[in-house]
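Undergrad: I have a structure I would like to understand better, so I am pasting it below and will then ask my questions one at a time.
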Amino acid sequence: MVTVRITGTTFFRGAPAALSGLLSGYAALAVAELVAAAVRPEAGPVTAVGGAAIDRTPAGVKDWAIRNFGTNDKFVLQLGIVIVLGLPAMALGLLALRHRRLGAAGVPAFGVVGAGAAMSRPDATGLVDALPSLVGALAGAVLLYVLIGRLTAQPSPASEPGAEAGWDRRGFLVAAGAAALASTGAGALGRGLSTSRGQDALASRAAVTLPGPASPAAAVPRGAALRIPGISPFVTPNRTFYRVDTALVVPKVDAMRWRLRIHGKGVTRPRTLTFQNLLERELIERDITLTCVSNEVGGPYVGNARWIGVRLADVLRDAGVKPPSKGGPADQLVARSVDGMTLGTPVEAVMDGRDAMLAVGMNGEPLPLDHGFPVRMLVPGLYGYVSACKWIEDIELTTFDDFDPYWVKRDWAREAPVKTQSRIDTPKPFARPKPGTVMVAGVAWAQRRGIDRVEVRVDDGPWKQADLAAEATTDTWRQWSFPWEATPGGHTLTVRATDRTGRPQTDKRARPIPDGASGWHSVVVTVD
């Protein structure tokens, strides 16, 4: 550790030097976010590096992150990036204490990394995306040079001839405090500007009035929604509907500026549609259950909502598209999001008569921003990563041989029909119900096939048939209940479902990768 003695007192400069490095890194990030707010919020270094990290993370690690952190996985990633950047920042501060210029020159190296990450993103707009990281790094380098200057030995007027030099503690503390305040202000201003940039999207969403559907959803049958405490509601509210995607910053798209391009193989009449074009078409309204492929057995990443939108098959037919079964040359529809995400969907599935749609509304209101406003795609019966493109802006007709979309490149299956699954919602794991009648209840789903039977087993006893709620459609989940005469002690409750084809839910455990989890859901309870 570097020391200097002044008037008989030893001051350790290692800690202030490391602090200088941290402050310089903080300033670099704050200035970069401020510049990104003016350029493009997605070009900020934390977002860009985070996105690049997600792109390069093995599928198994992503699955682990979703499983352990749920919808907080993005926050954890961003926090981790900031923490990891803090360590080399402190090291640069210590290096600058001995080699001031060399240490300060190291800060721009991290700016180059951030700039490279920003320019490598699929939604990058060119060299301008490199500006936030580069400008921020320059500001950080200047600050580190200045702060280390305050730690550099200086002659002391009060010292005797030949006395050792001291360092400007007061000047350092003033400079460090001012730097921290200025950086905090720059960061706050950047966040404020980024928020204001999204005001157009919020205003355009607020101005949307969804037309009445030409084909409204059928009324939910009586008895489809059971009144059992703890069971998932038949319709999942927008605020609690699961969100799993790779967007570290939710895209904020102005509906009035939004465009959807349709092109590719077999598209004889290419189209570019506006949001108003969609609203002027015949709209359909349907209850559809969506499932994320990352959903573990018994997991939360499944939800049911009432969607309103345009039949995707009709839009494709207007562009001259034919499915492969009718001679069309394209067997894959590649949907692209404004953030560069690509999803591949079988053309045959989109055009086989199911209610595949370009959705503009969810549960009676325009799509929420984090669920794809202004337009998202959804195809009943397929896991979301091959069917539910949010913030969609481009549809290309191609083939599975010619193009691998984002998740297929990461070893997920090309085609991913939803597997038959069931879940116990109540009682919760490790619950302690009282002896007597305990209502065991939950949901089961097998989109496009429907649920025919649900059975419950207590410990290693026989399977007993549960009571099924009324079915809305084969594209929605189905609630079920089972009155259990609970006896004291520990018990394991297990559920399985059988779909309308007669195929029972398999007991074979499989992780989500590559085409969805499988196995029976069980909960352990103790009856007091």
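Following the order of the structure tokens, first chain is A, next is B, and so on, with residues numbered from 1 inside each chain and ligands from 1 in the order they appear.
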Give me the range 281-341 of chain A side of the contact with range 345-366 of chain A, cut-off 6 Å, one line per residue showing its nearest atom pair and distance in Å at one decimal, counting only C-alpha atoms, sorted by chain and residue number, as a tab-separated table.

TA:
```
residue	atom	partner	partner_atom	distance
A:Ala305	CA	A:Asn363	CA	5.9
A:Arg306	CA	A:Asn363	CA	4.8
A:Trp307	CA	A:Met362	CA	4.7
A:Ile308	CA	A:Gly361	CA	4.9
A:Gly309	CA	A:Ala359	CA	3.9
A:Val310	CA	A:Leu358	CA	5.2
A:Arg311	CA	A:Met357	CA	4.5
A:Leu312	CA	A:Met357	CA	4.6
A:Ala313	CA	A:Met351	CA	5.0
A:Pro323	CA	A:Glu348	CA	5.3
A:Asp331	CA	A:Val347	CA	5.1
A:Gln332	CA	A:Pro346	CA	4.7
A:Leu333	CA	A:Thr345	CA	5.1
```

Undergrad: Enumerate, as a PyMOL selection string, the complete set of residues in range 183-342 of chain A that a backbone-based DSSP assignment places in alpha helix (DSSP H).

TA: chain A and resi 183-197+199-207+275-279+312-318

Undergrad: Let me see the file: selected residues, C-alpha atoms, as a PDB file, in the first residue's frame.

TA:
```
ATOM      1  CA  SER A 183     -22.909  12.425 -11.238  1.00  0.00           C
ATOM      2  CA  THR A 184     -26.080  11.818  -9.294  1.00  0.00           C
ATOM      3  CA  GLY A 185     -27.647  14.848 -10.918  1.00  0.00           C
ATOM      4  CA  ALA A 186     -26.579  13.727 -14.396  1.00  0.00           C
ATOM      5  CA  GLY A 187     -28.008  10.277 -13.795  1.00  0.00           C
ATOM      6  CA  ALA A 188     -31.295  11.674 -12.497  1.00  0.00           C
ATOM      7  CA  LEU A 189     -31.542  14.042 -15.470  1.00  0.00           C
ATOM      8  CA  GLY A 190     -30.846  11.159 -17.832  1.00  0.00           C
ATOM      9  CA  ARG A 191     -33.574   9.021 -16.285  1.00  0.00           C
ATOM     10  CA  GLY A 192     -35.963  11.956 -16.457  1.00  0.00           C
ATOM     11  CA  LEU A 193     -35.224  12.566 -20.131  1.00  0.00           C
ATOM     12  CA  SER A 194     -35.589   8.860 -20.907  1.00  0.00           C
ATOM     13  CA  THR A 195     -38.957   8.894 -19.207  1.00  0.00           C
ATOM     14  CA  SER A 196     -40.021  11.961 -21.162  1.00  0.00           C
ATOM     15  CA  ARG A 197     -39.005  10.261 -24.411  1.00  0.00           C
ATOM     16  CA  GLN A 199     -44.331  10.144 -23.114  1.00  0.00           C
ATOM     17  CA  ASP A 200     -45.288   9.965 -26.787  1.00  0.00           C
ATOM     18  CA  ALA A 201     -45.899   6.250 -26.420  1.00  0.00           C
ATOM     19  CA  LEU A 202     -47.900   6.747 -23.245  1.00  0.00           C
ATOM     20  CA  ALA A 203     -49.907   9.546 -24.854  1.00  0.00           C
ATOM     21  CA  SER A 204     -50.609   7.483 -27.951  1.00  0.00           C
ATOM     22  CA  ARG A 205     -51.760   4.571 -25.803  1.00  0.00           C
ATOM     23  CA  ALA A 206     -54.021   6.868 -23.794  1.00  0.00           C
ATOM     24  CA  ALA A 207     -55.538   8.134 -27.054  1.00  0.00           C
ATOM     25  CA  PHE A 275     -51.775   0.943 -36.378  1.00  0.00           C
ATOM     26  CA  GLN A 276     -54.832   2.651 -37.825  1.00  0.00           C
ATOM     27  CA  ASN A 277     -54.863   0.124 -40.680  1.00  0.00           C
ATOM     28  CA  LEU A 278     -55.230  -2.649 -38.125  1.00  0.00           C
ATOM     29  CA  LEU A 279     -57.984  -0.889 -36.185  1.00  0.00           C
ATOM     30  CA  LEU A 312     -53.055 -12.951 -38.643  1.00  0.00           C
ATOM     31  CA  ALA A 313     -54.086 -15.449 -41.316  1.00  0.00           C
ATOM     32  CA  ASP A 314     -56.245 -12.799 -43.007  1.00  0.00           C
ATOM     33  CA  VAL A 315     -53.389 -10.305 -43.032  1.00  0.00           C
ATOM     34  CA  LEU A 316     -51.098 -12.910 -44.595  1.00  0.00           C
ATOM     35  CA  ARG A 317     -53.654 -13.918 -47.212  1.00  0.00           C
ATOM     36  CA  ASP A 318     -54.062 -10.272 -48.207  1.00  0.00           C
TER      37      ASP A 318
END
```

Undergrad: Give me the residues of range 113-138 of chain A that have any atom at most 9 Å from an atom of range 15-30 of chain A; for each, the nearest atom pair and the distance in Å, rounded to one decimal. Use only C-alpha atoms, sort by chain and number, and format it as a tab-separated table.

TA:
```
residue	atom	partner	partner_atom	distance
A:Pro132	CA	A:Leu29	CA	8.8
A:Ser133	CA	A:Leu29	CA	7.8
A:Leu134	CA	A:Ala28	CA	8.9
A:Val135	CA	A:Ala28	CA	7.8
A:Gly136	CA	A:Ala28	CA	4.1
A:Ala137	CA	A:Ala28	CA	5.1
A:Leu138	CA	A:Ala28	CA	7.4
```

Undergrad: Output N, CA, C and O atoms for every residue in the selection just made, as a PDB file, in the first residue's frame.

TA:
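Result went into result-v4.pdb, see below:
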```pdb
ATOM      1  N   PRO A 132     -22.913   7.231 -26.161  1.00  0.00           N
ATOM      2  CA  PRO A 132     -23.077   7.263 -24.701  1.00  0.00           C
ATOM      3  C   PRO A 132     -21.899   6.659 -23.952  1.00  0.00           C
ATOM      4  O   PRO A 132     -21.368   7.273 -23.012  1.00  0.00           O
ATOM      5  N   SER A 133     -21.461   5.471 -24.368  1.00  0.00           N
ATOM      6  CA  SER A 133     -20.356   4.818 -23.660  1.00  0.00           C
ATOM      7  C   SER A 133     -19.058   5.589 -23.815  1.00  0.00           C
ATOM      8  O   SER A 133     -18.280   5.737 -22.852  1.00  0.00           O
ATOM      9  N   LEU A 134     -18.796   6.104 -25.006  1.00  0.00           N
ATOM     10  CA  LEU A 134     -17.533   6.813 -25.242  1.00  0.00           C
ATOM     11  C   LEU A 134     -17.483   8.146 -24.509  1.00  0.00           C
ATOM     12  O   LEU A 134     -16.469   8.490 -23.884  1.00  0.00           O
ATOM     13  N   VAL A 135     -18.568   8.914 -24.566  1.00  0.00           N
ATOM     14  CA  VAL A 135     -18.601  10.197 -23.864  1.00  0.00           C
ATOM     15  C   VAL A 135     -18.532   9.979 -22.353  1.00  0.00           C
ATOM     16  O   VAL A 135     -17.820  10.700 -21.628  1.00  0.00           O
ATOM     17  N   GLY A 136     -19.267   8.991 -21.865  1.00  0.00           N
ATOM     18  CA  GLY A 136     -19.233   8.691 -20.435  1.00  0.00           C
ATOM     19  C   GLY A 136     -17.848   8.292 -19.980  1.00  0.00           C
ATOM     20  O   GLY A 136     -17.368   8.736 -18.917  1.00  0.00           O
ATOM     21  N   ALA A 137     -17.161   7.452 -20.780  1.00  0.00           N
ATOM     22  CA  ALA A 137     -15.807   7.018 -20.416  1.00  0.00           C
ATOM     23  C   ALA A 137     -14.840   8.189 -20.399  1.00  0.00           C
ATOM     24  O   ALA A 137     -13.960   8.280 -19.530  1.00  0.00           O
ATOM     25  N   LEU A 138     -14.986   9.105 -21.337  1.00  0.00           N
ATOM     26  CA  LEU A 138     -14.115  10.288 -21.352  1.00  0.00           C
ATOM     27  C   LEU A 138     -14.316  11.123 -20.095  1.00  0.00           C
ATOM     28  O   LEU A 138     -13.342  11.575 -19.468  1.00  0.00           O
TER      29      LEU A 138
END
```

Undergrad: Set the distance at 8 Å and use only C-alpha atoms: which residues neighbour Thr289 in chain A once local chain neighbours fewer than 5 positions away are removed? I'd like the list as a ChimeraX atom specification.

TA: /A:302-305,380,447,475-477

Undergrad: Kindly export the residues of the current selection with C-alpha atoms, as a PDB file, in the first residue's frame.

TA:
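result10.pdb, written as the output of this step:
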```
ATOM      1  CA  VAL A 302     -48.832 -19.043 -17.532  1.00  0.00           C
ATOM      2  CA  GLY A 303     -51.842 -16.746 -17.673  1.00  0.00           C
ATOM      3  CA  ASN A 304     -55.224 -16.354 -19.296  1.00  0.00           C
ATOM      4  CA  ALA A 305     -56.486 -13.109 -20.813  1.00  0.00           C
ATOM      5  CA  PRO A 380     -52.774 -20.362 -29.394  1.00  0.00           C
ATOM      6  CA  GLN A 447     -54.201 -25.398 -25.559  1.00  0.00           C
ATOM      7  CA  ASP A 475     -57.499 -22.502 -25.881  1.00  0.00           C
ATOM      8  CA  THR A 476     -57.979 -21.571 -22.211  1.00  0.00           C
ATOM      9  CA  TRP A 477     -56.951 -23.210 -19.000  1.00  0.00           C
TER      10      TRP A 477
END
```

Undergrad: What does the structure give for the distance between CA of Ala416 in chain A and CA of Phe400 in chain A, in Å to one decimal?

TA: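 It comes out at 13.4 Å.
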
Undergrad: Would you please extract all strand (DSSP E or B) residues from range 383-430 of chain A, as assigned by DSSP on the backbone, and give them as an MDAnalysis selection string?

TA: chainID A and resid 392:398 417 421:426

Undergrad: Which residues are close to range 221-238 of chain A, i.e. within 6 Å by only C-alpha atoms, leaving aside same-chain residues fewer than 2 positions away? Reply as a PyMOL selection string.

TA: chain A and resi 240-241+303-305+425-426+442+469-471

Undergrad: Would you save the residues from that selection as an mmCIF file, in the first residue's frame, using all heavy atoms?

TA:
```
data_model
loop_
_atom_site.group_PDB
_atom_site.id
_atom_site.type_symbol
_atom_site.label_atom_id
_atom_site.label_comp_id
_atom_site.auth_asym_id
_atom_site.auth_seq_id
_atom_site.Cartn_x
_atom_site.Cartn_y
_atom_site.Cartn_z
ATOM 1 N N THR A 240 -50.750 -8.542 -13.091
ATOM 2 C CA THR A 240 -50.093 -9.740 -12.558
ATOM 3 C C THR A 240 -49.778 -10.757 -13.646
ATOM 4 O O THR A 240 -49.254 -11.830 -13.343
ATOM 5 C CB THR A 240 -50.964 -10.405 -11.480
ATOM 6 O OG1 THR A 240 -52.250 -10.741 -12.029
ATOM 7 C CG2 THR A 240 -51.153 -9.483 -10.289
ATOM 8 N N PHE A 241 -50.083 -10.439 -14.899
ATOM 9 C CA PHE A 241 -49.780 -11.362 -15.988
ATOM 10 C C PHE A 241 -48.265 -11.458 -16.122
ATOM 11 O O PHE A 241 -47.556 -10.457 -16.097
ATOM 12 C CB PHE A 241 -50.398 -10.853 -17.286
ATOM 13 C CG PHE A 241 -50.648 -11.944 -18.299
ATOM 14 C CD1 PHE A 241 -51.899 -12.508 -18.417
ATOM 15 C CD2 PHE A 241 -49.632 -12.391 -19.120
ATOM 16 C CE1 PHE A 241 -52.144 -13.503 -19.355
ATOM 17 C CE2 PHE A 241 -49.849 -13.384 -20.050
ATOM 18 C CZ PHE A 241 -51.119 -13.947 -20.175
ATOM 19 N N GLY A 303 -50.755 -17.649 -18.030
ATOM 20 C CA GLY A 303 -51.842 -16.746 -17.673
ATOM 21 C C GLY A 303 -52.903 -16.738 -18.757
ATOM 22 O O GLY A 303 -52.638 -17.067 -19.919
ATOM 23 N N ASN A 304 -54.098 -16.371 -18.367
ATOM 24 C CA ASN A 304 -55.224 -16.354 -19.296
ATOM 25 C C ASN A 304 -55.779 -14.938 -19.393
ATOM 26 O O ASN A 304 -55.980 -14.277 -18.374
ATOM 27 C CB ASN A 304 -56.320 -17.307 -18.805
ATOM 28 C CG ASN A 304 -57.458 -17.437 -19.795
ATOM 29 O OD1 ASN A 304 -57.241 -17.848 -20.934
ATOM 30 N ND2 ASN A 304 -58.661 -17.093 -19.387
ATOM 31 N N ALA A 305 -55.984 -14.469 -20.611
ATOM 32 C CA ALA A 305 -56.486 -13.109 -20.813
ATOM 33 C C ALA A 305 -57.462 -13.087 -21.981
ATOM 34 O O ALA A 305 -57.520 -14.014 -22.788
ATOM 35 C CB ALA A 305 -55.337 -12.138 -21.068
ATOM 36 N N ASP A 425 -52.847 -24.922 -7.057
ATOM 37 C CA ASP A 425 -52.746 -23.548 -6.559
ATOM 38 C C ASP A 425 -52.950 -23.462 -5.057
ATOM 39 O O ASP A 425 -52.372 -22.609 -4.385
ATOM 40 C CB ASP A 425 -53.786 -22.662 -7.245
ATOM 41 C CG ASP A 425 -53.452 -22.387 -8.701
ATOM 42 O OD1 ASP A 425 -52.263 -22.485 -9.067
ATOM 43 O OD2 ASP A 425 -54.379 -22.089 -9.472
ATOM 44 N N THR A 426 -53.800 -24.329 -4.544
ATOM 45 C CA THR A 426 -54.101 -24.337 -3.116
ATOM 46 C C THR A 426 -54.384 -25.763 -2.669
ATOM 47 O O THR A 426 -55.028 -26.517 -3.403
ATOM 48 C CB THR A 426 -55.296 -23.410 -2.800
ATOM 49 O OG1 THR A 426 -55.507 -23.383 -1.383
ATOM 50 C CG2 THR A 426 -56.569 -23.864 -3.477
ATOM 51 N N GLY A 442 -56.830 -25.989 -8.468
ATOM 52 C CA GLY A 442 -55.815 -25.394 -9.332
ATOM 53 C C GLY A 442 -56.301 -25.256 -10.750
ATOM 54 O O GLY A 442 -57.508 -25.170 -11.003
ATOM 55 N N ALA A 469 -64.153 -27.510 -13.584
ATOM 56 C CA ALA A 469 -64.995 -26.356 -13.855
ATOM 57 C C ALA A 469 -65.434 -26.409 -15.313
ATOM 58 O O ALA A 469 -64.876 -27.160 -16.127
ATOM 59 C CB ALA A 469 -64.226 -25.066 -13.582
ATOM 60 N N ALA A 470 -66.437 -25.624 -15.666
ATOM 61 C CA ALA A 470 -66.901 -25.584 -17.047
ATOM 62 C C ALA A 470 -65.764 -25.120 -17.952
ATOM 63 O O ALA A 470 -64.915 -24.318 -17.556
ATOM 64 C CB ALA A 470 -68.103 -24.650 -17.173
ATOM 65 N N GLU A 471 -65.742 -25.630 -19.175
ATOM 66 C CA GLU A 471 -64.709 -25.253 -20.129
ATOM 67 C C GLU A 471 -65.158 -24.038 -20.938
ATOM 68 O O GLU A 471 -66.266 -24.019 -21.480
ATOM 69 C CB GLU A 471 -64.417 -26.410 -21.075
ATOM 70 C CG GLU A 471 -63.324 -26.109 -22.091
ATOM 71 C CD GLU A 471 -63.080 -27.271 -23.030
ATOM 72 O OE1 GLU A 471 -63.940 -27.527 -23.904
ATOM 73 O OE2 GLU A 471 -62.042 -27.941 -22.866
#
```

Undergrad: For Arg101 in chain A, find every residue with an atom within 10 Å (counting only C-alpha atoms), except residues of its own chain fewer than 6 positions away, and show them as a list of chain:residue names.

TA: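 That gives A:Leu95, A:Ala141, A:Val142, A:Leu144, A:Tyr145, A:Ile148.
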
Undergrad: Counting only C-alpha atoms, figure out which residue out of A:Thr246, A:Gln479, A:Ser120, A:Ser522 gets nearest to Asp370 in chain A.

TA: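 Among the listed residues, A:Thr246 lies closest to Asp370 in chain A.
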
Undergrad: Could you jot down the CA of Thr272 in chain A to CA of Arg259 in chain A separation for me, Å, one decimal place?

TA: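 Value for the CA of Thr272 in chain A-CA of Arg259 in chain A distance: 6.4 Å.
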
Undergrad: Taking a cut-off of 12 Å and counting only C-alpha atoms, can you build a table that, for each residue of range 181-281 of chain A near range 74-90 of chain A, reports the nearest atom pair and how far apart they are in Å (one decimal), sorted by chain then residue number, as a tab-separated table?

TA:
```
residue	atom	partner	partner_atom	distance
A:Arg243	CA	A:Lys74	CA	11.2
A:Val244	CA	A:Lys74	CA	9.7
A:Asp245	CA	A:Lys74	CA	9.2
A:Thr246	CA	A:Lys74	CA	7.9
A:Ala247	CA	A:Lys74	CA	8.2
A:Leu248	CA	A:Lys74	CA	6.0
A:Val249	CA	A:Lys74	CA	9.2
A:Val250	CA	A:Lys74	CA	11.1
```

Undergrad: Could you tell me how far CA of Gly299 in chain A sits from CA of Arg432 in chain A, in Å to one decimal place?

TA: 20.9 Å

Undergrad: Quick one: of A:Leu493, A:Leu378, A:Asp515, A:Pro122, who's nearest to Val408 in chain A, counting only C-alpha atoms?

TA: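 Between A:Leu493, A:Leu378, A:Asp515, A:Pro122, the residue approaching Val408 in chain A most closely is A:Asp515.
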
Undergrad: May I ask which of the residues A:Arg453, A:Lys390, A:Arg13, A:Lys508 is the closest one to Lys252 in chain A, counting only C-alpha atoms?

TA: A:Lys390

Undergrad: So which one's closest to Met256 in chain A, A:Gly516, A:Pro45, A:Pro435, A:Pro374? Using only C-alpha atoms, please.

TA: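 Of A:Gly516, A:Pro45, A:Pro435, A:Pro374, the one nearest Met256 in chain A, counting only C-alpha atoms, is A:Pro374.
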